[in-house]
file data_37.tsv (TSV, C-alpha atoms)
chain	number	residue	atom	x	y	z
A	1	MET	CA	0.00	0.00	0.00
A	2	HIS	CA	1.41	3.38	-0.96
A	3	ASP	CA	0.70	6.70	0.71
A	4	ASP	CA	1.31	9.44	-1.89
A	5	SER	CA	1.64	12.09	0.78
A	6	LEU	CA	4.83	10.43	2.01
A	7	SER	CA	6.74	11.11	-1.19
A	8	THR	CA	5.56	14.63	-1.92
A	9	PRO	CA	8.15	17.13	-0.70
A	10	SER	CA	5.76	20.06	-0.82
A	11	THR	CA	3.68	18.58	2.01
A	12	HIS	CA	6.69	18.57	4.33
A	13	SER	CA	8.07	22.06	3.85
A	14	ALA	CA	8.78	22.85	7.51
A	15	LEU	CA	12.03	20.97	8.10
A	16	PRO	CA	13.56	21.07	11.60
A	17	VAL	CA	16.99	22.49	12.38
A	18	GLY	CA	19.75	19.89	11.98
A	19	LEU	CA	17.84	17.88	9.38
A	20	ILE	CA	19.87	16.13	6.74
A	21	LEU	CA	17.23	16.42	4.04
A	22	ASN	CA	16.25	19.66	2.31
A	23	ARG	CA	13.51	20.79	-0.08
A	24	THR	CA	14.89	19.77	-3.45
A	25	PRO	CA	13.66	17.27	-6.02
A	26	SER	CA	16.32	14.85	-4.72
A	27	VAL	CA	14.45	14.44	-1.43
A	28	SER	CA	11.75	12.32	-3.05
A	29	ASP	CA	14.39	10.40	-4.99
A	30	PHE	CA	16.37	9.66	-1.82
A	31	ALA	CA	13.26	8.60	0.10
A	32	GLN	CA	12.27	6.27	-2.72
A	33	SER	CA	15.80	4.81	-2.80
A	34	VAL	CA	15.71	4.18	0.94
A	35	LYS	CA	12.28	2.58	0.68
A	36	GLN	CA	13.46	0.23	-2.06
A	37	GLN	CA	16.46	-0.89	-0.01
A	38	ALA	CA	14.76	-1.10	3.39
A	39	ASP	CA	13.31	-4.37	4.67
A	40	ILE	CA	10.17	-3.30	6.53
A	41	VAL	CA	10.10	-6.55	8.50
A	42	LYS	CA	13.61	-6.05	9.88
A	43	VAL	CA	12.94	-2.38	10.66
A	44	ILE	CA	9.71	-3.13	12.53
A	45	GLU	CA	11.32	-6.06	14.36
A	46	GLY	CA	13.66	-3.49	15.87
A	47	TYR	CA	10.63	-2.15	17.77
A	48	ILE	CA	8.22	-5.06	18.30
A	49	ARG	CA	8.28	-8.86	18.19
A	50	LEU	CA	6.93	-10.35	14.97
A	51	ARG	CA	5.98	-13.95	14.21
A	52	LYS	CA	5.89	-15.43	10.74
A	53	GLY	CA	2.43	-16.30	9.53
A	54	SER	CA	2.18	-17.19	5.86
A	55	VAL	CA	5.14	-17.04	3.49
A	56	GLN	CA	5.21	-13.25	3.25
A	57	ASN	CA	3.12	-12.16	6.25
A	58	PHE	CA	4.24	-11.48	9.81
A	59	THR	CA	2.07	-10.72	12.83
A	60	GLY	CA	2.53	-9.15	16.25
A	61	LEU	CA	0.93	-7.03	18.93
A	62	CYS	CA	0.16	-3.57	17.63
A	63	PRO	CA	2.35	-0.88	19.20
A	64	PHE	CA	-0.27	1.80	18.53
A	65	HIS	CA	-3.07	0.45	20.71
A	66	LYS	CA	-3.42	-1.99	23.59
A	67	GLU	CA	-4.33	-5.53	22.63
A	68	LYS	CA	-3.83	-9.08	23.86
A	69	THR	CA	-4.38	-10.89	20.56
A	70	PRO	CA	-2.07	-9.94	17.67
A	71	SER	CA	-3.86	-7.97	14.97
A	72	PHE	CA	-0.82	-6.16	13.54
A	73	ASN	CA	0.28	-7.50	10.15
A	74	VAL	CA	3.35	-6.83	8.01
A	75	ASN	CA	3.53	-7.86	4.37
A	76	ALA	CA	7.15	-8.47	3.33
A	77	THR	CA	6.39	-8.52	-0.41
A	78	ARG	CA	4.29	-5.37	-0.61
A	79	GLN	CA	6.36	-3.68	2.13
A	80	PHE	CA	3.46	-2.28	4.15
A	81	PHE	CA	1.78	-2.89	7.50
A	82	TYR	CA	-1.86	-2.94	8.57
A	83	CYS	CA	-3.55	-3.31	11.96
A	84	PHE	CA	-6.97	-4.95	11.90
A	85	GLY	CA	-7.61	-3.58	15.40
A	86	CYS	CA	-7.00	0.16	15.00
A	87	GLN	CA	-6.81	0.30	11.17
A	88	VAL	CA	-3.44	2.06	11.17
A	89	THR	CA	-1.59	1.32	7.92
A	90	GLY	CA	1.30	2.55	5.81
A	91	ASP	CA	4.85	1.90	4.71
A	92	VAL	CA	8.12	1.79	6.63
A	93	PHE	CA	8.26	5.60	6.92
A	94	THR	CA	4.72	5.72	8.30
A	95	PHE	CA	5.59	3.16	10.96
A	96	VAL	CA	8.83	4.83	12.06
A	97	GLY	CA	7.23	8.28	11.97
A	98	ARG	CA	4.39	7.16	14.25
A	99	ILE	CA	6.42	5.11	16.69
A	100	GLU	CA	9.24	7.67	16.97
A	101	ASN	CA	6.78	10.59	16.90
A	102	VAL	CA	8.70	12.37	14.14
A	103	GLY	CA	7.86	13.86	10.75
A	104	PHE	CA	8.47	12.34	7.34
A	105	PRO	CA	12.00	13.69	6.71
A	106	GLU	CA	13.22	12.52	10.12
A	107	ALA	CA	11.62	9.12	9.55
A	108	VAL	CA	13.50	8.81	6.27
A	109	ARG	CA	16.74	9.67	8.06
A	110	ILE	CA	16.11	7.08	10.80
A	111	VAL	CA	15.28	4.31	8.32
A	112	ALA	CA	18.35	5.18	6.23
A	113	GLN	CA	20.60	4.96	9.28
A	114	LYS	CA	19.08	1.64	10.35
A	115	CYS	CA	19.75	0.25	6.88
A	116	GLY	CA	23.28	1.65	6.65
A	117	ILE	CA	22.39	3.95	3.76
A	118	PRO	CA	24.59	7.10	3.57
A	119	LEU	CA	22.66	10.33	4.04
A	120	PRO	CA	22.86	13.12	1.46
A	121	LYS	CA	25.29	15.88	2.33
A	122	ARG	CA	23.68	18.67	4.33
A	123	GLU	CA	23.71	22.25	3.05
A	124	TYR	CA	24.11	24.67	5.97
A	125	SER	CA	22.78	28.19	6.21
A	126	SER	CA	26.01	29.64	7.64
A	127	PRO	CA	29.65	28.67	8.31
A	128	GLU	CA	28.86	28.77	12.04
A	129	GLU	CA	26.04	26.25	11.66
A	130	ALA	CA	28.28	23.94	9.63
A	131	ALA	CA	31.08	24.22	12.21
A	132	GLY	CA	28.64	23.41	15.03
A	133	ALA	CA	27.38	20.33	13.21
A	134	ARG	CA	30.92	19.13	12.57
A	135	LEU	CA	31.82	19.60	16.24
A	136	ARG	CA	28.77	17.65	17.44
A	137	ALA	CA	29.62	14.81	15.06
A	138	LYS	CA	33.20	14.73	16.37
A	139	LEU	CA	31.96	14.76	19.97
A	140	LEU	CA	29.63	11.83	19.33
A	141	ASP	CA	32.54	9.82	17.93
A	142	LEU	CA	34.70	10.88	20.86
A	143	HIS	CA	32.11	9.73	23.39
A	144	GLU	CA	31.79	6.42	21.59
A	145	ALA	CA	35.56	5.94	21.81
A	146	ALA	CA	35.58	6.95	25.49
A	147	THR	CA	32.75	4.51	26.26
A	148	ALA	CA	34.65	1.64	24.66
A	149	TRP	CA	37.81	2.59	26.58
A	150	PHE	CA	35.98	2.76	29.94
A	151	GLU	CA	34.49	-0.69	29.22
A	152	GLU	CA	37.97	-1.98	28.46
A	153	GLN	CA	39.29	-0.61	31.77
A	154	LEU	CA	36.47	-2.27	33.70
A	155	ARG	CA	37.46	-5.64	32.28
A	156	GLY	CA	41.15	-5.07	33.10
A	157	PRO	CA	43.12	-5.48	36.35
A	158	GLU	CA	42.34	-1.94	37.59
A	159	GLY	CA	38.62	-2.61	37.28
A	160	THR	CA	38.54	-5.32	39.94
A	161	VAL	CA	37.06	-3.15	42.70
A	162	ALA	CA	34.52	-1.68	40.28
A	163	ARG	CA	33.45	-5.16	39.15
A	164	GLU	CA	33.04	-6.20	42.78
A	165	TYR	CA	30.90	-3.13	43.45
A	166	LEU	CA	28.66	-3.84	40.44
A	167	ALA	CA	28.34	-7.52	41.34
A	168	GLY	CA	27.34	-6.46	44.84
A	169	ARG	CA	24.58	-4.37	43.32
A	170	GLY	CA	23.28	-7.43	41.50
A	171	LEU	CA	24.60	-6.68	38.01
A	172	THR	CA	25.62	-9.59	35.82
A	173	PRO	CA	28.25	-9.33	33.06
A	174	GLU	CA	25.38	-9.33	30.55
A	175	GLY	CA	23.71	-6.40	32.31
A	176	ILE	CA	26.98	-4.48	32.47
A	177	LYS	CA	27.48	-5.03	28.75
A	178	ALA	CA	23.90	-4.01	27.89
A	179	PHE	CA	24.38	-0.60	29.52
A	180	HIS	CA	28.04	-0.20	28.46
A	181	ILE	CA	29.11	0.41	32.05
A	182	GLY	CA	32.83	1.09	32.43
A	183	TYR	CA	35.53	2.26	34.78
A	184	ALA	CA	37.75	5.35	34.82
A	185	PRO	CA	41.13	4.41	36.32
A	186	ASP	CA	43.03	6.46	38.88
A	187	SER	CA	44.96	8.50	36.30
A	188	PHE	CA	45.06	12.15	35.28
A	189	HIS	CA	46.02	11.53	31.66
A	190	ALA	CA	45.21	7.93	30.62
A	191	LEU	CA	42.02	8.83	28.73
A	192	GLU	CA	43.58	11.96	27.25
A	193	GLU	CA	46.50	9.93	25.90
A	194	ARG	CA	44.07	7.41	24.41
A	195	LEU	CA	41.95	10.04	22.66
A	196	ARG	CA	44.73	12.34	21.46
A	197	SER	CA	45.01	10.28	18.31
A	198	VAL	CA	41.35	10.76	17.37
A	199	ALA	CA	40.66	14.42	18.27
A	200	ASP	CA	42.43	17.75	18.51
A	201	SER	CA	42.80	19.80	21.71
A	202	ASP	CA	39.79	22.04	21.01
A	203	THR	CA	37.50	19.03	20.52
A	204	LEU	CA	38.85	17.33	23.65
A	205	ARG	CA	38.28	20.51	25.64
A	206	ALA	CA	34.70	20.84	24.35
A	207	SER	CA	33.83	17.22	25.16
A	208	GLY	CA	33.39	17.61	28.93
A	209	LEU	CA	35.60	14.57	29.47
A	210	PHE	CA	38.48	16.69	30.69
A	211	SER	CA	39.17	19.53	33.10
A	212	SER	CA	41.81	22.24	33.29
A	213	LYS	CA	42.90	24.90	35.74
A	214	GLU	CA	42.43	28.56	34.89
A	215	HIS	CA	45.57	30.70	35.02
A	216	GLU	CA	45.68	34.18	36.56
A	217	ASP	CA	45.52	35.76	33.10
A	218	GLY	CA	42.27	33.89	32.36
A	219	THR	CA	43.79	31.30	30.04
A	220	GLN	CA	43.21	27.60	30.55
A	221	GLY	CA	45.96	25.24	31.59
A	222	PRO	CA	46.67	21.74	30.27
A	223	LEU	CA	43.87	19.20	30.14
A	224	TYR	CA	43.54	16.32	32.59
A	225	ASP	CA	40.97	13.53	32.92
A	226	ARG	CA	37.80	14.73	34.66
A	227	PHE	CA	36.70	11.25	35.77
A	228	ARG	CA	39.11	9.21	37.88
A	229	LYS	CA	38.64	6.06	39.95
A	230	ARG	CA	34.91	5.96	39.25
A	231	VAL	CA	32.34	3.61	37.76
A	232	MET	CA	31.15	5.14	34.50
A	233	PHE	CA	27.49	5.10	33.42
A	234	PRO	CA	27.01	6.37	29.84
A	235	ILE	CA	24.08	8.72	29.23
A	236	ALA	CA	22.58	8.25	25.76
A	237	ASN	CA	20.23	10.39	23.70
A	238	GLU	CA	16.97	8.98	22.32
A	239	SER	CA	18.85	7.49	19.37
A	240	GLY	CA	21.13	5.54	21.69
A	241	ARG	CA	24.25	7.66	21.06
A	242	VAL	CA	26.33	8.41	24.16
A	243	ILE	CA	26.40	12.15	24.91
A	244	ALA	CA	27.59	12.29	28.54
A	245	PHE	CA	28.48	10.26	31.61
A	246	THR	CA	27.53	9.86	35.24
A	247	ALA	CA	30.48	8.74	37.36
A	248	ARG	CA	30.21	7.10	40.80
A	249	THR	CA	33.12	7.18	43.19
A	250	LEU	CA	34.37	3.96	44.77
A	251	GLU	CA	36.16	5.76	47.59
A	252	THR	CA	34.89	6.93	50.96
A	253	GLY	CA	35.87	9.80	53.19
A	254	GLU	CA	36.63	13.47	52.55
A	255	LYS	CA	39.01	12.81	49.64
A	256	ALA	CA	36.38	10.84	47.73
A	257	GLY	CA	34.59	13.95	46.49
A	258	PRO	CA	30.92	13.88	45.47
A	259	LYS	CA	29.36	10.43	45.29
A	260	TYR	CA	28.14	11.11	41.76
A	261	ILE	CA	29.35	13.63	39.20
A	262	ASN	CA	27.91	14.26	35.73
A	263	SER	CA	29.45	15.58	32.57
A	264	PRO	CA	29.24	19.38	32.37
A	265	GLU	CA	27.17	21.25	29.79
A	266	THR	CA	28.48	20.59	26.28
A	267	PRO	CA	27.21	21.03	22.70
A	268	LEU	CA	25.77	17.50	23.11
A	269	TYR	CA	24.48	17.51	26.67
A	270	SER	CA	22.30	19.86	28.70
A	271	LYS	CA	21.48	18.88	32.26
A	272	GLY	CA	17.76	18.44	32.81
A	273	GLN	CA	17.03	17.86	29.12
A	274	VAL	CA	17.81	14.15	28.95
A	275	LEU	CA	16.05	11.11	30.41
A	276	PHE	CA	18.33	8.20	31.21
A	277	ASN	CA	17.38	4.90	29.48
A	278	LEU	CA	14.71	6.47	27.26
A	279	ASP	CA	16.46	5.01	24.21
A	280	LYS	CA	15.85	1.49	25.53
A	281	ALA	CA	12.52	2.12	27.26
A	282	ARG	CA	10.53	4.25	24.82
A	283	SER	CA	8.98	1.43	22.77
A	284	VAL	CA	8.00	-0.43	25.96
A	285	ILE	CA	6.60	2.80	27.42
A	286	ARG	CA	4.36	3.25	24.39
A	287	GLN	CA	3.13	-0.34	24.59
A	288	ALA	CA	2.55	-0.22	28.37
A	289	GLY	CA	0.94	3.21	28.25
A	290	PHE	CA	2.99	4.56	31.14
A	291	ALA	CA	6.55	5.11	32.40
A	292	LEU	CA	8.11	4.29	35.75
A	293	LEU	CA	10.26	7.23	36.84
A	294	VAL	CA	13.17	6.77	39.26
A	295	GLU	CA	15.92	9.12	40.37
A	296	GLY	CA	19.25	7.41	39.78
A	297	GLN	CA	20.89	5.43	37.00
A	298	MET	CA	21.70	2.46	39.22
A	299	ASP	CA	18.07	2.15	40.33
A	300	CYS	CA	16.93	2.43	36.72
A	301	ILE	CA	19.35	-0.24	35.51
A	302	SER	CA	18.44	-2.64	38.32
A	303	VAL	CA	14.70	-2.31	37.62
A	304	PHE	CA	15.21	-2.66	33.85
A	305	LEU	CA	17.30	-5.81	34.18
A	306	ARG	CA	14.61	-7.36	36.38
A	307	GLY	CA	12.13	-7.17	33.54
A	308	ILE	CA	10.38	-3.83	34.14
A	309	GLN	CA	11.66	-2.13	31.00
A	310	ASN	CA	9.43	0.95	30.83
A	311	VAL	CA	11.66	2.61	33.44
A	312	ILE	CA	13.59	5.87	33.06
A	313	ALA	CA	15.63	8.09	35.38
A	314	THR	CA	16.08	11.81	35.81
A	315	SER	CA	19.83	11.36	36.25
A	316	GLY	CA	19.95	12.92	39.69
A	317	THR	CA	18.18	16.16	38.78
A	318	ALA	CA	14.73	17.46	39.65
A	319	PHE	CA	12.11	16.50	37.06
A	320	THR	CA	12.30	19.46	34.66
A	321	GLU	CA	9.76	20.93	32.24
A	322	GLN	CA	12.01	19.89	29.35
A	323	GLN	CA	11.99	16.29	30.57
A	324	VAL	CA	8.21	16.40	30.93
A	325	ALA	CA	7.92	17.57	27.31
A	326	ILE	CA	10.23	14.78	26.12
A	327	LEU	CA	8.30	12.12	28.03
A	328	LYS	CA	4.92	13.38	26.78
A	329	ARG	CA	5.96	12.42	23.25
A	330	HIS	CA	5.70	8.81	24.41
A	331	THR	CA	3.13	8.80	27.23
A	332	SER	CA	1.11	11.15	29.41
A	333	THR	CA	1.25	8.84	32.42
A	334	TRP	CA	4.17	8.21	34.73
A	335	TRP	CA	4.74	7.12	38.31
call {"tool": "encode", "arguments": {"input": "data_37.tsv", "output": "structure tokens"}}
result
Amino acid sequence: MHDDSLSTPSTHSALPVGLILNRTPSVSDFAQSVKQQADIVKVIEGYIRLRKGSVQNFTGLCPFHKEKTPSFNVNATRQFFYCFGCQVTGDVFTFVGRIENVGFPEAVRIVAQKCGIPLPKREYSSPEEAAGARLRAKLLDLHEAATAWFEEQLRGPEGTVAREYLAGRGLTPEGIKAFHIGYAPDSFHALEERLRSVADSDTLRASGLFSSKEHEDGTQGPLYDRFRKRVMFPIANESGRVIAFTARTLETGEKAGPKYINSPETPLYSKGQVLFNLDKARSVIRQAGFALLVEGQMDCISVFLRGIQNVIATSGTAFTEQQVAILKRHTSTWW
């Protein structure tokens, strides 16, 4: 089934800031190319569980209304879905647009990324906008590299105490891996030395992963690792990309410092504008019709790993208006 409105650029003229697509004839061409390459079954299976019915039909519980008997159908040959319960129907872009609560251009971008299809090059309105986009892309890659390095340190000899702490909190190796939990060793420059090969000083300084002392003349001194001798909990955006960290100390006493510290404000991360675990919980929240809200990451992880997966955390902040607005895109009910 084909929805003509999905491939008509003129019906989607208000494109959000940061969008990869723009209003040119190539938009429709790119969307059509993505649609031809995308496997709607695989894309939808990333959100809900499907069971094979006939040769080309798959069924599951509809994510758009509550039901106990599967009435949601996906046709692999015709590349469309239809729910006999709520009559929602459409193609892969319709599904992703509804379940992610985004417009058509963003749905195209999401499907393209899921299928490994390169996005068209963005045209920016100013050099400053282009520079900002390049910096954010570099910072995302930097956080990905830092996450992998922290995970590596947790598995190594220096991570022994951290592993014991996590085991004492009931976390299995599988749970630790699922949330990419890591460890920052007791070093002022280990992470900096690791990341020097992938980013310049300005990018490292903008990442929030490092600190520096201000000189009397107002200039900043050399960088050193912000997080040391702490368990590292990555904070991801709704797309699952790491944008910041919460770090828990393993020491006690006056020299231990705050029990938890978060990344500072960066071009990727604004405190009070992110909900921890929303990337993993959002589809379950929509299906359940409500979210369970807790305060800390460790509480959230523990609840999630025990099977209650519509759980999110405020990351140690008061519940802000921005977080309320984000959560309302998925549900109007939370406890």
call {"tool": "residues_around", "arguments": {"input": "data_37.tsv", "residues": "range 207-211 of chain A", "least_positions_apart": "3", "cutoff": "8 Å", "atoms": "only C-alpha atoms", "output": "list in words"}}
result
Leu139, Leu142, His143, Glu192, Thr203, Leu204, Leu223, Tyr224, Asp225, Arg226, Phe227, Ala244, Ser263, Pro264, Glu265 and Thr266 of chain A
call {"tool": "write_last_selection", "arguments": {"input": "data_37.tsv", "atoms": "C-alpha atoms", "output": "tab-separated table (two decimals), in the frame of the given file"}}
result
chain	number	residue	atom	x	y	z
A	139	LEU	CA	31.96	14.76	19.97
A	142	LEU	CA	34.70	10.88	20.86
A	143	HIS	CA	32.11	9.73	23.39
A	192	GLU	CA	43.58	11.96	27.25
A	203	THR	CA	37.50	19.03	20.52
A	204	LEU	CA	38.85	17.33	23.65
A	223	LEU	CA	43.87	19.20	30.14
A	224	TYR	CA	43.54	16.32	32.59
A	225	ASP	CA	40.97	13.53	32.92
A	226	ARG	CA	37.80	14.73	34.66
A	227	PHE	CA	36.70	11.25	35.77
A	244	ALA	CA	27.59	12.29	28.54
A	263	SER	CA	29.45	15.58	32.57
A	264	PRO	CA	29.24	19.38	32.37
A	265	GLU	CA	27.17	21.25	29.79
A	266	THR	CA	28.48	20.59	26.28
call {"tool": "closest_residue", "arguments": {"input": "data_37.tsv", "among": "A:Gln113, A:Ser33, A:Thr219, A:Thr317", "to": "Ser239 in chain A", "atoms": "all atoms listed in the file"}}
result
A:Gln113
call {"tool": "closest_residue", "arguments": {"input": "data_37.tsv", "among": "A:Gln220, A:Ile301, A:Arg136, A:Ala38", "to": "Gly116 in chain A", "atoms": "only C-alpha atoms"}}
result
A:Ala38
call {"tool": "closest_residue", "arguments": {"input": "data_37.tsv", "among": "A:Val161, A:Gly90, A:Leu171, A:Gln153", "to": "Leu191 in chain A", "atoms": "all atoms listed in the file"}}
result
A:Gln153
call {"tool": "residues_around", "arguments": {"input": "data_37.tsv", "residues": "range 50-59 of chain A", "least_positions_apart": "5", "cutoff": "12 Å", "atoms": "only C-alpha atoms", "output": "PyMOL selection string"}}
result
chain A and resi 40-45+69-84
call {"tool": "atom_distance", "arguments": {"input": "data_37.tsv", "atom1": "CA of Thr147 in chain A", "atom2": "CA of Tyr183 in chain A"}}
result
9.2 Å
call {"tool": "closest_residue", "arguments": {"input": "data_37.tsv", "among": "A:Arg49, A:His65, A:Arg241, A:Arg196", "to": "Asn277 in chain A", "atoms": "all atoms listed in the file"}}
result
A:Arg241
call {"tool": "closest_residue", "arguments": {"input": "data_37.tsv", "among": "A:Arg163, A:Lys177, A:Arg155, A:Lys138", "to": "Pro234 in chain A", "atoms": "only C-alpha atoms"}}
result
A:Lys177
call {"tool": "residues_near_point", "arguments": {"input": "data_37.tsv", "point": "(15.9, 9.2, 34.4)", "cutoff": "7 Å", "atoms": "all atoms listed in the file", "output": "CSV table (one decimal) with C-alpha atoms, in the coordinates of the input"}}
result
chain,number,residue,atom,x,y,z
A,275,LEU,CA,16.0,11.1,30.4
A,276,PHE,CA,18.3,8.2,31.2
A,277,ASN,CA,17.4,4.9,29.5
A,293,LEU,CA,10.3,7.2,36.8
A,294,VAL,CA,13.2,6.8,39.3
A,295,GLU,CA,15.9,9.1,40.4
A,296,GLY,CA,19.2,7.4,39.8
A,297,GLN,CA,20.9,5.4,37.0
A,312,ILE,CA,13.6,5.9,33.1
A,313,ALA,CA,15.6,8.1,35.4
A,314,THR,CA,16.1,11.8,35.8
A,315,SER,CA,19.8,11.4,36.2
call {"tool": "closest_residue", "arguments": {"input": "data_37.tsv", "among": "A:Thr331, A:Gln87, A:Gln322, A:Thr94", "to": "Phe290 in chain A", "atoms": "only C-alpha atoms"}}
result
A:Thr331
call {"tool": "residues_around", "arguments": {"input": "data_37.tsv", "residues": "Ile261 in chain A", "least_positions_apart": "2", "cutoff": "10 Å", "atoms": "all atoms listed in the file", "output": "compact mmCIF listing (two decimals) with C-alpha atoms, in the coordinates of the input"}}
result
# COMPACT_ATOMS: atom_id res chain seq x y z
CA ARG A 226 37.80 14.73 34.66
CA PHE A 227 36.70 11.25 35.77
CA ARG A 230 34.91 5.96 39.25
CA MET A 232 31.15 5.14 34.50
CA PHE A 245 28.48 10.26 31.61
CA THR A 246 27.53 9.86 35.24
CA ALA A 247 30.48 8.74 37.36
CA ARG A 248 30.21 7.10 40.80
CA THR A 249 33.12 7.18 43.19
CA GLY A 257 34.59 13.95 46.49
CA PRO A 258 30.92 13.88 45.47
CA LYS A 259 29.36 10.43 45.29
CA SER A 263 29.45 15.58 32.57
CA PRO A 264 29.24 19.38 32.37
CA GLY A 316 19.95 12.92 39.69
call {"tool": "atom_distance", "arguments": {"input": "data_37.tsv", "atom1": "CA of Ala133 in chain A", "atom2": "CA of Glu152 in chain A"}}
result
29.0 Å
call {"tool": "atom_distance", "arguments": {"input": "data_37.tsv", "atom1": "CA of Phe304 in chain A", "atom2": "CA of Pro173 in chain A"}}
result
14.7 Å
call {"tool": "residues_around", "arguments": {"input": "data_37.tsv", "residues": "Phe93 in chain A", "least_positions_apart": "6", "cutoff": "12 Å", "atoms": "all atoms listed in the file", "output": "JSON, numbers by chain"}}
result
{"A": [2, 3, 4, 5, 6, 7, 31, 32, 34, 35, 36, 38, 39, 40, 43, 44, 79, 80, 81, 99, 100, 101, 102, 103, 104, 105, 106, 107, 108, 109, 110, 111, 112]}
call {"tool": "build_atoms", "arguments": {"input": "data_37.tsv", "residues": "range 92-105 of chain A", "atoms": "N, CA, C and O atoms", "output": "mmCIF file, keeping the file's coordinate frame"}}
result
data_model
loop_
_atom_site.group_PDB
_atom_site.id
_atom_site.type_symbol
_atom_site.label_atom_id
_atom_site.label_comp_id
_atom_site.auth_asym_id
_atom_site.auth_seq_id
_atom_site.Cartn_x
_atom_site.Cartn_y
_atom_site.Cartn_z
ATOM 1 N N VAL A 92 7.095 1.764 5.580
ATOM 2 C CA VAL A 92 8.120 1.790 6.630
ATOM 3 C C VAL A 92 8.283 3.175 7.221
ATOM 4 O O VAL A 92 8.527 3.332 8.424
ATOM 5 N N PHE A 93 8.136 4.233 6.414
ATOM 6 C CA PHE A 93 8.260 5.600 6.920
ATOM 7 C C PHE A 93 7.087 5.958 7.828
ATOM 8 O O PHE A 93 7.248 6.666 8.821
ATOM 9 N N THR A 94 5.884 5.481 7.452
ATOM 10 C CA THR A 94 4.720 5.720 8.300
ATOM 11 C C THR A 94 4.920 5.102 9.676
ATOM 12 O O THR A 94 4.652 5.727 10.706
ATOM 13 N N PHE A 95 5.391 3.854 9.685
ATOM 14 C CA PHE A 95 5.590 3.160 10.960
ATOM 15 C C PHE A 95 6.611 3.889 11.824
ATOM 16 O O PHE A 95 6.343 4.182 13.000
ATOM 17 N N VAL A 96 7.776 4.177 11.275
ATOM 18 C CA VAL A 96 8.830 4.830 12.060
ATOM 19 C C VAL A 96 8.394 6.226 12.492
ATOM 20 O O VAL A 96 8.661 6.653 13.621
ATOM 21 N N GLY A 97 7.698 6.947 11.605
ATOM 22 C CA GLY A 97 7.230 8.280 11.970
ATOM 23 C C GLY A 97 6.272 8.252 13.144
ATOM 24 O O GLY A 97 6.360 9.084 14.049
ATOM 25 N N ARG A 98 5.358 7.263 13.153
ATOM 26 C CA ARG A 98 4.390 7.160 14.250
ATOM 27 C C ARG A 98 5.041 6.700 15.547
ATOM 28 O O ARG A 98 4.794 7.253 16.615
ATOM 29 N N ILE A 99 5.885 5.684 15.464
ATOM 30 C CA ILE A 99 6.420 5.110 16.690
ATOM 31 C C ILE A 99 7.512 5.982 17.300
ATOM 32 O O ILE A 99 7.726 5.984 18.511
ATOM 33 N N GLU A 100 8.213 6.754 16.457
ATOM 34 C CA GLU A 100 9.240 7.670 16.970
ATOM 35 C C GLU A 100 8.692 9.069 17.211
ATOM 36 O O GLU A 100 9.397 9.925 17.742
ATOM 37 N N ASN A 101 7.425 9.279 16.777
ATOM 38 C CA ASN A 101 6.780 10.590 16.900
ATOM 39 C C ASN A 101 7.584 11.678 16.194
ATOM 40 O O ASN A 101 7.900 12.722 16.751
ATOM 41 N N VAL A 102 7.928 11.410 14.934
ATOM 42 C CA VAL A 102 8.700 12.370 14.140
ATOM 43 C C VAL A 102 8.005 12.554 12.793
ATOM 44 O O VAL A 102 7.137 11.771 12.396
ATOM 45 N N GLY A 103 8.392 13.593 12.067
ATOM 46 C CA GLY A 103 7.860 13.860 10.750
ATOM 47 C C GLY A 103 8.495 12.988 9.682
ATOM 48 O O GLY A 103 9.430 12.216 9.944
ATOM 49 N N PHE A 104 8.006 13.156 8.461
ATOM 50 C CA PHE A 104 8.470 12.340 7.340
ATOM 51 C C PHE A 104 9.976 12.437 7.094
ATOM 52 O O PHE A 104 10.651 11.407 6.980
ATOM 53 N N PRO A 105 10.556 13.632 7.006
ATOM 54 C CA PRO A 105 12.000 13.690 6.710
ATOM 55 C C PRO A 105 12.840 12.995 7.776
ATOM 56 O O PRO A 105 13.811 12.305 7.460
#
